[in-house]
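What's in target-v3.pdb: PDB, C-alpha atoms
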```
MODEL        1
ATOM      1  CA  MET A  70      31.107-232.405  41.121  1.00  0.00           C
ATOM      2  CA  ASN A  71      31.650-233.520  44.730  1.00  0.00           C
ATOM      3  CA  TYR A  72      29.016-235.713  46.373  1.00  0.00           C
ATOM      4  CA  LEU A  73      28.697-236.957  49.960  1.00  0.00           C
ATOM      5  CA  VAL A  74      27.038-240.388  50.210  1.00  0.00           C
ATOM      6  CA  THR A  75      26.152-242.213  53.431  1.00  0.00           C
ATOM      7  CA  GLY A  76      25.636-245.962  53.658  1.00  0.00           C
ATOM      8  CA  CYS A  77      28.059-246.283  50.755  1.00  0.00           C
ATOM      9  CA  SER A  78      29.641-249.665  51.390  1.00  0.00           C
ATOM     10  CA  ARG A  79      26.962-252.049  50.074  1.00  0.00           C
ATOM     11  CA  GLY A  80      23.608-252.350  48.363  1.00  0.00           C
ATOM     12  CA  VAL A  81      21.986-249.277  46.874  1.00  0.00           C
ATOM     13  CA  GLY A  82      24.566-246.939  48.458  1.00  0.00           C
ATOM     14  CA  LEU A  83      27.412-248.745  46.709  1.00  0.00           C
ATOM     15  CA  GLU A  84      25.478-248.675  43.424  1.00  0.00           C
ATOM     16  CA  ILE A  85      24.915-244.926  43.788  1.00  0.00           C
ATOM     17  CA  CYS A  86      28.671-244.488  44.212  1.00  0.00           C
ATOM     18  CA  LYS A  87      29.288-246.552  41.063  1.00  0.00           C
ATOM     19  CA  VAL A  88      26.887-244.482  38.959  1.00  0.00           C
ATOM     20  CA  LEU A  89      28.330-241.169  40.171  1.00  0.00           C
ATOM     21  CA  LEU A  90      31.904-242.337  39.579  1.00  0.00           C
ATOM     22  CA  GLU A  91      30.999-243.540  36.083  1.00  0.00           C
ATOM     23  CA  GLN A  92      29.808-239.981  35.450  1.00  0.00           C
ATOM     24  CA  ASN A  93      33.250-238.709  36.502  1.00  0.00           C
ATOM     25  CA  HIS A  94      32.191-237.196  39.824  1.00  0.00           C
ATOM     26  CA  CYS A  95      34.095-237.335  43.124  1.00  0.00           C
ATOM     27  CA  VAL A  96      32.412-239.264  45.923  1.00  0.00           C
ATOM     28  CA  TYR A  97      33.015-238.942  49.652  1.00  0.00           C
ATOM     29  CA  GLY A  98      31.579-242.118  51.151  1.00  0.00           C
ATOM     30  CA  ILE A  99      30.529-242.731  54.742  1.00  0.00           C
ATOM     31  CA  ALA A 100      29.583-246.075  56.283  1.00  0.00           C
ATOM     32  CA  ARG A 101      30.157-248.093  59.434  1.00  0.00           C
ATOM     33  CA  SER A 102      31.842-250.975  57.607  1.00  0.00           C
ATOM     34  CA  TYR A 103      34.647-250.829  55.049  1.00  0.00           C
ATOM     35  CA  THR A 104      33.589-253.698  52.785  1.00  0.00           C
ATOM     36  CA  ASP A 105      35.601-255.621  50.210  1.00  0.00           C
ATOM     37  CA  GLU A 106      33.177-254.433  47.514  1.00  0.00           C
ATOM     38  CA  PHE A 107      33.875-250.807  48.380  1.00  0.00           C
ATOM     39  CA  LYS A 108      37.622-251.416  48.533  1.00  0.00           C
ATOM     40  CA  ALA A 109      37.519-252.890  45.018  1.00  0.00           C
ATOM     41  CA  LEU A 110      35.678-249.803  43.775  1.00  0.00           C
ATOM     42  CA  GLU A 111      38.190-247.601  45.567  1.00  0.00           C
ATOM     43  CA  LYS A 112      41.056-249.236  43.668  1.00  0.00           C
ATOM     44  CA  ARG A 113      39.357-248.485  40.339  1.00  0.00           C
ATOM     45  CA  TYR A 114      38.727-244.847  41.255  1.00  0.00           C
ATOM     46  CA  ALA A 115      41.640-244.063  43.573  1.00  0.00           C
ATOM     47  CA  ASP A 116      41.595-240.319  42.857  1.00  0.00           C
ATOM     48  CA  LYS A 117      37.795-239.971  42.875  1.00  0.00           C
ATOM     49  CA  LEU A 118      36.516-242.077  45.763  1.00  0.00           C
ATOM     50  CA  PHE A 119      37.193-241.441  49.450  1.00  0.00           C
ATOM     51  CA  PHE A 120      35.976-243.265  52.549  1.00  0.00           C
ATOM     52  CA  LYS A 121      35.503-242.657  56.250  1.00  0.00           C
ATOM     53  CA  SER A 122      34.089-245.094  58.772  1.00  0.00           C
ATOM     54  CA  VAL A 123      31.498-243.266  60.874  1.00  0.00           C
ATOM     55  CA  ASP A 124      28.862-244.293  63.392  1.00  0.00           C
ATOM     56  CA  LEU A 125      26.054-241.887  62.531  1.00  0.00           C
ATOM     57  CA  ALA A 126      24.368-242.608  65.854  1.00  0.00           C
ATOM     58  CA  ASP A 127      27.154-240.522  67.429  1.00  0.00           C
ATOM     59  CA  LEU A 128      25.212-237.317  66.834  1.00  0.00           C
ATOM     60  CA  GLU A 129      27.361-235.079  69.018  1.00  0.00           C
ATOM     61  CA  ASN A 130      30.438-235.667  66.866  1.00  0.00           C
ATOM     62  CA  ILE A 131      28.969-235.454  63.360  1.00  0.00           C
ATOM     63  CA  ARG A 132      30.342-231.966  62.774  1.00  0.00           C
ATOM     64  CA  LYS A 133      33.875-232.794  63.871  1.00  0.00           C
ATOM     65  CA  ILE A 134      34.210-236.278  62.383  1.00  0.00           C
ATOM     66  CA  ILE A 135      32.601-235.510  59.021  1.00  0.00           C
ATOM     67  CA  PHE A 136      32.607-231.774  58.380  1.00  0.00           C
ATOM     68  CA  LYS A 137      35.969-230.924  59.910  1.00  0.00           C
ATOM     69  CA  ASP A 138      38.049-234.089  59.467  1.00  0.00           C
ATOM     70  CA  PHE A 139      36.602-235.505  56.210  1.00  0.00           C
ATOM     71  CA  VAL A 140      34.814-232.857  54.126  1.00  0.00           C
ATOM     72  CA  PRO A 141      35.879-229.496  55.569  1.00  0.00           C
ATOM     73  CA  ASN A 142      34.812-226.227  53.956  1.00  0.00           C
ATOM     74  CA  GLN A 143      37.728-226.457  51.531  1.00  0.00           C
ATOM     75  CA  VAL A 144      35.699-229.190  49.786  1.00  0.00           C
ATOM     76  CA  CYS A 145      32.855-227.682  47.781  1.00  0.00           C
ATOM     77  CA  LEU A 146      29.878-230.050  48.079  1.00  0.00           C
ATOM     78  CA  HIS A 147      27.418-230.136  45.186  1.00  0.00           C
ATOM     79  CA  GLY A 148      25.185-232.811  46.635  1.00  0.00           C
ATOM     80  CA  TYR A 149      24.407-235.072  49.566  1.00  0.00           C
ATOM     81  CA  VAL A 150      22.793-238.514  49.424  1.00  0.00           C
ATOM     82  CA  ASN A 151      21.338-239.738  52.701  1.00  0.00           C
ATOM     83  CA  ASN A 152      21.164-243.490  52.211  1.00  0.00           C
ATOM     84  CA  ALA A 153      22.324-244.902  55.579  1.00  0.00           C
ATOM     85  CA  ALA A 154      19.553-246.495  57.631  1.00  0.00           C
ATOM     86  CA  LEU A 155      18.802-248.931  60.408  1.00  0.00           C
ATOM     87  CA  ALA A 156      15.890-251.341  60.127  1.00  0.00           C
ATOM     88  CA  TYR A 157      13.677-252.157  63.081  1.00  0.00           C
ATOM     89  CA  ASP A 158      11.066-254.762  62.159  1.00  0.00           C
ATOM     90  CA  ASP A 159       8.506-255.713  64.788  1.00  0.00           C
ATOM     91  CA  ILE A 160       4.855-255.206  65.660  1.00  0.00           C
ATOM     92  CA  VAL A 161       3.871-252.122  67.646  1.00  0.00           C
ATOM     93  CA  THR A 162       2.971-254.003  70.850  1.00  0.00           C
ATOM     94  CA  ASN A 163       6.560-255.304  71.016  1.00  0.00           C
ATOM     95  CA  MET A 164       8.086-251.836  70.643  1.00  0.00           C
ATOM     96  CA  ASN A 165      11.411-251.374  72.456  1.00  0.00           C
ATOM     97  CA  LEU A 166      12.287-247.768  73.302  1.00  0.00           C
ATOM     98  CA  GLU A 167      16.067-248.216  73.125  1.00  0.00           C
ATOM     99  CA  ARG A 168      15.915-249.790  69.652  1.00  0.00           C
ATOM    100  CA  LEU A 169      13.452-247.131  68.517  1.00  0.00           C
ATOM    101  CA  GLN A 170      15.703-244.306  69.704  1.00  0.00           C
ATOM    102  CA  ASN A 171      18.759-245.858  68.084  1.00  0.00           C
ATOM    103  CA  MET A 172      16.931-246.210  64.759  1.00  0.00           C
ATOM    104  CA  TYR A 173      15.704-242.611  64.895  1.00  0.00           C
ATOM    105  CA  ALA A 174      19.229-241.410  65.661  1.00  0.00           C
ATOM    106  CA  VAL A 175      20.521-242.924  62.407  1.00  0.00           C
ATOM    107  CA  ASN A 176      17.433-242.591  60.182  1.00  0.00           C
ATOM    108  CA  VAL A 177      16.208-239.132  61.219  1.00  0.00           C
ATOM    109  CA  PHE A 178      18.421-237.107  63.554  1.00  0.00           C
ATOM    110  CA  ALA A 179      21.729-237.833  61.785  1.00  0.00           C
ATOM    111  CA  PRO A 180      20.480-236.848  58.300  1.00  0.00           C
ATOM    112  CA  MET A 181      18.889-233.723  59.747  1.00  0.00           C
ATOM    113  CA  MET A 182      22.224-232.718  61.289  1.00  0.00           C
ATOM    114  CA  MET A 183      24.072-233.686  58.109  1.00  0.00           C
ATOM    115  CA  THR A 184      21.702-231.543  56.048  1.00  0.00           C
ATOM    116  CA  LYS A 185      22.411-228.604  58.335  1.00  0.00           C
ATOM    117  CA  TYR A 186      26.143-228.743  57.649  1.00  0.00           C
ATOM    118  CA  VAL A 187      25.770-229.618  53.958  1.00  0.00           C
ATOM    119  CA  ILE A 188      23.630-226.513  53.423  1.00  0.00           C
ATOM    120  CA  ARG A 189      26.175-224.409  55.318  1.00  0.00           C
ATOM    121  CA  ASN A 190      28.867-225.740  52.958  1.00  0.00           C
ATOM    122  CA  MET A 191      26.710-224.885  49.925  1.00  0.00           C
ATOM    123  CA  LEU A 192      26.058-221.380  51.240  1.00  0.00           C
ATOM    124  CA  TYR A 193      29.770-220.865  51.886  1.00  0.00           C
ATOM    125  CA  HIS A 194      30.596-221.798  48.285  1.00  0.00           C
ATOM    126  CA  HIS A 195      27.452-220.198  46.763  1.00  0.00           C
ATOM    127  CA  THR A 196      26.537-223.616  45.348  1.00  0.00           C
ATOM    128  CA  ARG A 197      23.193-224.474  43.783  1.00  0.00           C
ATOM    129  CA  GLY A 198      23.236-227.919  45.367  1.00  0.00           C
ATOM    130  CA  SER A 199      21.031-230.978  45.649  1.00  0.00           C
ATOM    131  CA  ILE A 200      20.043-233.007  48.711  1.00  0.00           C
ATOM    132  CA  LEU A 201      18.614-236.475  48.237  1.00  0.00           C
ATOM    133  CA  HIS A 202      17.085-238.754  50.874  1.00  0.00           C
ATOM    134  CA  ILE A 203      16.374-242.454  50.367  1.00  0.00           C
ATOM    135  CA  SER A 204      13.006-243.349  51.874  1.00  0.00           C
ATOM    136  CA  SER A 205      10.963-246.562  51.735  1.00  0.00           C
ATOM    137  CA  ILE A 206       7.787-247.733  50.053  1.00  0.00           C
ATOM    138  CA  SER A 207       6.608-248.796  53.516  1.00  0.00           C
ATOM    139  CA  VAL A 208       5.769-245.117  54.174  1.00  0.00           C
ATOM    140  CA  HIS A 209       3.153-245.203  51.419  1.00  0.00           C
ATOM    141  CA  THR A 210       2.014-248.837  51.512  1.00  0.00           C
ATOM    142  CA  GLY A 211       1.520-250.498  54.868  1.00  0.00           C
ATOM    143  CA  TYR A 212       3.415-253.654  55.810  1.00  0.00           C
ATOM    144  CA  LYS A 213       2.973-255.631  59.002  1.00  0.00           C
ATOM    145  CA  GLY A 214       5.959-255.155  61.305  1.00  0.00           C
ATOM    146  CA  LEU A 215       7.267-251.989  59.643  1.00  0.00           C
ATOM    147  CA  ALA A 216       5.333-249.286  61.511  1.00  0.00           C
ATOM    148  CA  MET A 217       8.359-248.015  63.450  1.00  0.00           C
ATOM    149  CA  TYR A 218      10.724-248.103  60.458  1.00  0.00           C
ATOM    150  CA  ALA A 219       8.162-246.459  58.160  1.00  0.00           C
ATOM    151  CA  SER A 220       7.571-243.697  60.708  1.00  0.00           C
ATOM    152  CA  SER A 221      11.261-242.766  60.618  1.00  0.00           C
ATOM    153  CA  LYS A 222      11.245-242.548  56.823  1.00  0.00           C
ATOM    154  CA  GLY A 223       7.985-240.587  56.871  1.00  0.00           C
ATOM    155  CA  ALA A 224       9.611-238.029  59.158  1.00  0.00           C
ATOM    156  CA  LEU A 225      12.457-237.746  56.666  1.00  0.00           C
ATOM    157  CA  GLU A 226      10.055-237.102  53.781  1.00  0.00           C
ATOM    158  CA  ALA A 227       8.406-234.254  55.701  1.00  0.00           C
ATOM    159  CA  PHE A 228      11.815-232.804  56.574  1.00  0.00           C
ATOM    160  CA  SER A 229      12.890-232.909  52.925  1.00  0.00           C
ATOM    161  CA  LYS A 230       9.770-231.149  51.634  1.00  0.00           C
ATOM    162  CA  ASP A 231      10.129-228.288  54.100  1.00  0.00           C
ATOM    163  CA  THR A 232      13.873-228.030  53.469  1.00  0.00           C
ATOM    164  CA  ALA A 233      13.073-227.617  49.768  1.00  0.00           C
ATOM    165  CA  ARG A 234      10.688-224.748  50.524  1.00  0.00           C
ATOM    166  CA  GLU A 235      13.135-223.138  52.941  1.00  0.00           C
ATOM    167  CA  TRP A 236      16.190-223.067  50.651  1.00  0.00           C
ATOM    168  CA  GLY A 237      14.827-223.205  47.102  1.00  0.00           C
ATOM    169  CA  GLU A 238      15.220-219.464  46.569  1.00  0.00           C
ATOM    170  CA  LEU A 239      18.987-219.932  46.853  1.00  0.00           C
ATOM    171  CA  GLY A 240      19.010-222.814  44.374  1.00  0.00           C
ATOM    172  CA  ILE A 241      19.338-225.606  46.938  1.00  0.00           C
ATOM    173  CA  ARG A 242      17.005-228.500  46.129  1.00  0.00           C
ATOM    174  CA  SER A 243      15.820-231.350  48.352  1.00  0.00           C
ATOM    175  CA  ASN A 244      14.102-234.495  47.092  1.00  0.00           C
ATOM    176  CA  VAL A 245      13.285-238.042  48.160  1.00  0.00           C
ATOM    177  CA  VAL A 246      13.605-241.280  46.226  1.00  0.00           C
ATOM    178  CA  VAL A 247      11.174-243.935  47.443  1.00  0.00           C
ATOM    179  CA  PRO A 248      12.450-247.377  46.413  1.00  0.00           C
ATOM    180  CA  GLY A 249      10.294-250.445  46.399  1.00  0.00           C
ATOM    181  CA  PHE A 250      11.483-253.741  47.850  1.00  0.00           C
ATOM    182  CA  MET A 251      15.099-254.424  46.812  1.00  0.00           C
ATOM    183  CA  GLU A 252      17.327-257.465  47.253  1.00  0.00           C
ATOM    184  CA  THR A 253      19.790-255.978  49.745  1.00  0.00           C
ATOM    185  CA  ALA A 254      21.475-256.960  53.003  1.00  0.00           C
ATOM    186  CA  MET A 255      18.641-255.226  54.881  1.00  0.00           C
ATOM    187  CA  SER A 256      16.069-257.573  53.297  1.00  0.00           C
ATOM    188  CA  ALA A 257      18.202-260.722  53.499  1.00  0.00           C
ATOM    189  CA  THR A 258      16.445-261.969  56.636  1.00  0.00           C
ATOM    190  CA  LEU A 259      13.093-262.275  54.833  1.00  0.00           C
ATOM    191  CA  SER A 260      11.950-265.736  53.786  1.00  0.00           C
ATOM    192  CA  THR A 261      11.177-266.620  50.160  1.00  0.00           C
ATOM    193  CA  GLU A 262       7.486-266.722  51.074  1.00  0.00           C
ATOM    194  CA  GLN A 263       7.623-263.205  52.556  1.00  0.00           C
ATOM    195  CA  LYS A 264       9.385-261.891  49.457  1.00  0.00           C
ATOM    196  CA  GLU A 265       6.818-263.490  47.160  1.00  0.00           C
ATOM    197  CA  ARG A 266       4.007-261.779  49.060  1.00  0.00           C
ATOM    198  CA  ILE A 267       5.753-258.447  48.533  1.00  0.00           C
ATOM    199  CA  TYR A 268       6.324-259.120  44.822  1.00  0.00           C
ATOM    200  CA  LYS A 269       2.614-259.847  44.358  1.00  0.00           C
ATOM    201  CA  ARG A 270       1.852-256.296  45.457  1.00  0.00           C
ATOM    202  CA  THR A 271       3.858-254.860  42.545  1.00  0.00           C
ATOM    203  CA  SER A 272       2.707-254.375  38.967  1.00  0.00           C
ATOM    204  CA  MET A 273       5.911-255.993  37.676  1.00  0.00           C
ATOM    205  CA  LYS A 274       5.897-258.892  40.179  1.00  0.00           C
ATOM    206  CA  ALA A 275       9.607-258.520  40.915  1.00  0.00           C
ATOM    207  CA  ALA A 276      12.122-256.822  43.184  1.00  0.00           C
ATOM    208  CA  THR A 277      12.997-253.212  42.382  1.00  0.00           C
ATOM    209  CA  SER A 278      16.228-252.807  40.409  1.00  0.00           C
ATOM    210  CA  ILE A 279      18.984-251.351  42.575  1.00  0.00           C
ATOM    211  CA  ARG A 280      20.578-249.899  39.439  1.00  0.00           C
ATOM    212  CA  SER A 281      17.329-248.126  38.552  1.00  0.00           C
ATOM    213  CA  VAL A 282      17.211-246.524  41.991  1.00  0.00           C
ATOM    214  CA  ALA A 283      20.848-245.404  41.718  1.00  0.00           C
ATOM    215  CA  GLU A 284      20.332-243.927  38.238  1.00  0.00           C
ATOM    216  CA  THR A 285      17.296-242.009  39.507  1.00  0.00           C
ATOM    217  CA  VAL A 286      19.350-240.611  42.375  1.00  0.00           C
ATOM    218  CA  ALA A 287      22.072-239.476  39.962  1.00  0.00           C
ATOM    219  CA  PHE A 288      19.463-237.783  37.761  1.00  0.00           C
ATOM    220  CA  LEU A 289      17.941-235.866  40.687  1.00  0.00           C
ATOM    221  CA  LEU A 290      21.393-234.744  41.799  1.00  0.00           C
ATOM    222  CA  SER A 291      22.192-233.414  38.330  1.00  0.00           C
ATOM    223  CA  ASP A 292      21.350-230.108  36.659  1.00  0.00           C
ATOM    224  CA  LYS A 293      18.963-232.045  34.399  1.00  0.00           C
ATOM    225  CA  ALA A 294      16.615-232.012  37.409  1.00  0.00           C
ATOM    226  CA  GLU A 295      17.162-228.312  38.178  1.00  0.00           C
ATOM    227  CA  SER A 296      13.408-227.622  38.379  1.00  0.00           C
ATOM    228  CA  ILE A 297      12.582-230.641  40.563  1.00  0.00           C
ATOM    229  CA  THR A 298      12.457-230.061  44.307  1.00  0.00           C
ATOM    230  CA  GLY A 299      10.261-231.024  47.241  1.00  0.00           C
ATOM    231  CA  VAL A 300       9.087-234.272  45.628  1.00  0.00           C
ATOM    232  CA  GLU A 301       8.973-237.943  46.611  1.00  0.00           C
ATOM    233  CA  LEU A 302       9.758-239.995  43.507  1.00  0.00           C
ATOM    234  CA  ARG A 303       8.731-243.654  43.689  1.00  0.00           C
ATOM    235  CA  VAL A 304      10.945-246.253  42.004  1.00  0.00           C
ATOM    236  CA  ASP A 305       9.014-249.310  43.091  1.00  0.00           C
ATOM    237  CA  ASN A 306       7.855-251.502  40.180  1.00  0.00           C
ATOM    238  CA  GLY A 307       4.360-250.095  40.629  1.00  0.00           C
ATOM    239  CA  THR A 308       3.764-251.167  44.223  1.00  0.00           C
ATOM    240  CA  ILE A 309       0.112-250.973  45.271  1.00  0.00           C
TER     241      ILE A 309
ENDMDL
END
```

The structure given in the file should be rewritten as structure tokens.
Amino acid sequence: MNYLVTGCSRGVGLEICKVLLEQNHCVYGIARSYTDEFKALEKRYADKLFFKSVDLADLENIRKIIFKDFVPNQVCLHGYVNNAALAYDDIVTNMNLERLQNMYAVNVFAPMMMTKYVIRNMLYHHTRGSILHISSISVHTGYKGLAMYASSKGALEAFSKDTAREWGELGIRSNVVVPGFMETAMSATLSTEQKERIYKRTSMKAATSIRSVAETVAFLLSDKAESITGVELRVDNGTI
């Protein structure tokens, strides 16, 4: 199977690539930075893992850069994982329009455009494919300073549910994985005290396992989940 994964160079995106490669799939990875961790993985799976550096905020060129130069129609896509995201943490009264627009470009508009071309690829190849968006527990459980970020992920969840309804008859599924708080580069700026407050809101009093999130993504992409579409699946250590 061929899978397109954004935000592939670190954190949960890198772990998703690892799980898919371990299952003998081919992965086409997109990220802004070409990290040493990704390069090491690339050496291990030279014939299965491919990379392109892309700024997803460049919405006008998504079709050319990705779907003509990197994964043209000759590549039959079986799935797409939208993992790339920008964080914007601040309280509402400090909202900055430029930062908000930039975050929405990457978190909402880019995956919507990507989904458009992924579905076209699946239709071209008559593929019963799977689309998977990575959301955030902040959509479902409020956190101070995350209103803008959560709103972008909430928009994505609505988009996924309606995409599932729109294309399910042709065997194209769309789902969302909602991870809890994970120890990633995006959360590295939080203090120990802030992290402890988050952990206390979980049943398991710990950070969500990145591996668990990646394994869940792989399951939803697979035929084992052929009857699952239009859902938001929480992998969050029981966050309340």

Practice task
Find the residue from A:Ala294, A:Ile267, A:Met70, A:Leu239 that sits nearest to Ser207 (chain A); use all atoms listed in the file when measuring.
Solution key: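 Counting all atoms listed in the file, the residue closest to Ser207 (chain A) is A:Ile267.
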
Problem - Separation of CA of Val161 (chain A) from CA of Tyr268 (chain A) in Å - result: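 Going from CA of Tyr268 (chain A) over to CA of Val161 (chain A) covers 24.0 Å.
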
Exercise for the section: Using the chain letters and numbers from the file, give me the residues hit by the PyMOL selection byres ((chain A and resi 93) around 12), as a ChimeraX atom specification. Expected result: /A:70-72,86-92,94-96,114,116-118,287

Exercise for the section: May I have the residues within 12 Å of Ala154 (chain A) as JSON, numbers by chain, using all atoms listed in the file and disregarding those fewer than 2 positions away in the same chain? Expected result: {"A": [75, 76, 77, 79, 80, 81, 82, 99, 100, 101, 124, 125, 126, 150, 151, 152, 156, 157, 171, 172, 173, 174, 175, 176, 177, 178, 179, 180, 202, 203, 204, 205, 218, 219, 221, 222, 225, 254, 255]}

Exercise for the section: Fewer than 6 positions away in the same chain doesn't count, so skip those; otherwise give me all residues within 12 Å of Gly237 (chain A), counting all atoms listed in the file, as a PyMOL selection string. Expected result: chain A and resi 188+196-200+229-231+243-244+295-299

Please produce a file of those selected residues containing C-alpha atoms, as a tab-separated table (two decimals), keeping the file's coordinate frame.
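The resulting selection-v1.tsv:
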```tsv
chain	number	residue	atom	x	y	z
A	188	ILE	CA	23.63	-226.51	53.42
A	196	THR	CA	26.54	-223.62	45.35
A	197	ARG	CA	23.19	-224.47	43.78
A	198	GLY	CA	23.24	-227.92	45.37
A	199	SER	CA	21.03	-230.98	45.65
A	200	ILE	CA	20.04	-233.01	48.71
A	229	SER	CA	12.89	-232.91	52.92
A	230	LYS	CA	9.77	-231.15	51.63
A	231	ASP	CA	10.13	-228.29	54.10
A	243	SER	CA	15.82	-231.35	48.35
A	244	ASN	CA	14.10	-234.50	47.09
A	295	GLU	CA	17.16	-228.31	38.18
A	296	SER	CA	13.41	-227.62	38.38
A	297	ILE	CA	12.58	-230.64	40.56
A	298	THR	CA	12.46	-230.06	44.31
A	299	GLY	CA	10.26	-231.02	47.24
```

Practice task
Have a look at CA of Tyr186 (chain A) and CA of Gly240 (chain A) and let me know their distance in Å, one decimal.
Solution key: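 It comes out at 16.2 Å.
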
Practice task
Return the single residue from A:Thr261, A:Asn190, A:Thr210, A:Thr253 that is closest to Val140 (chain A), with distances computed using all atoms listed in the file.
Solution key: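 The closest residue to Val140 (chain A) is A:Asn190.
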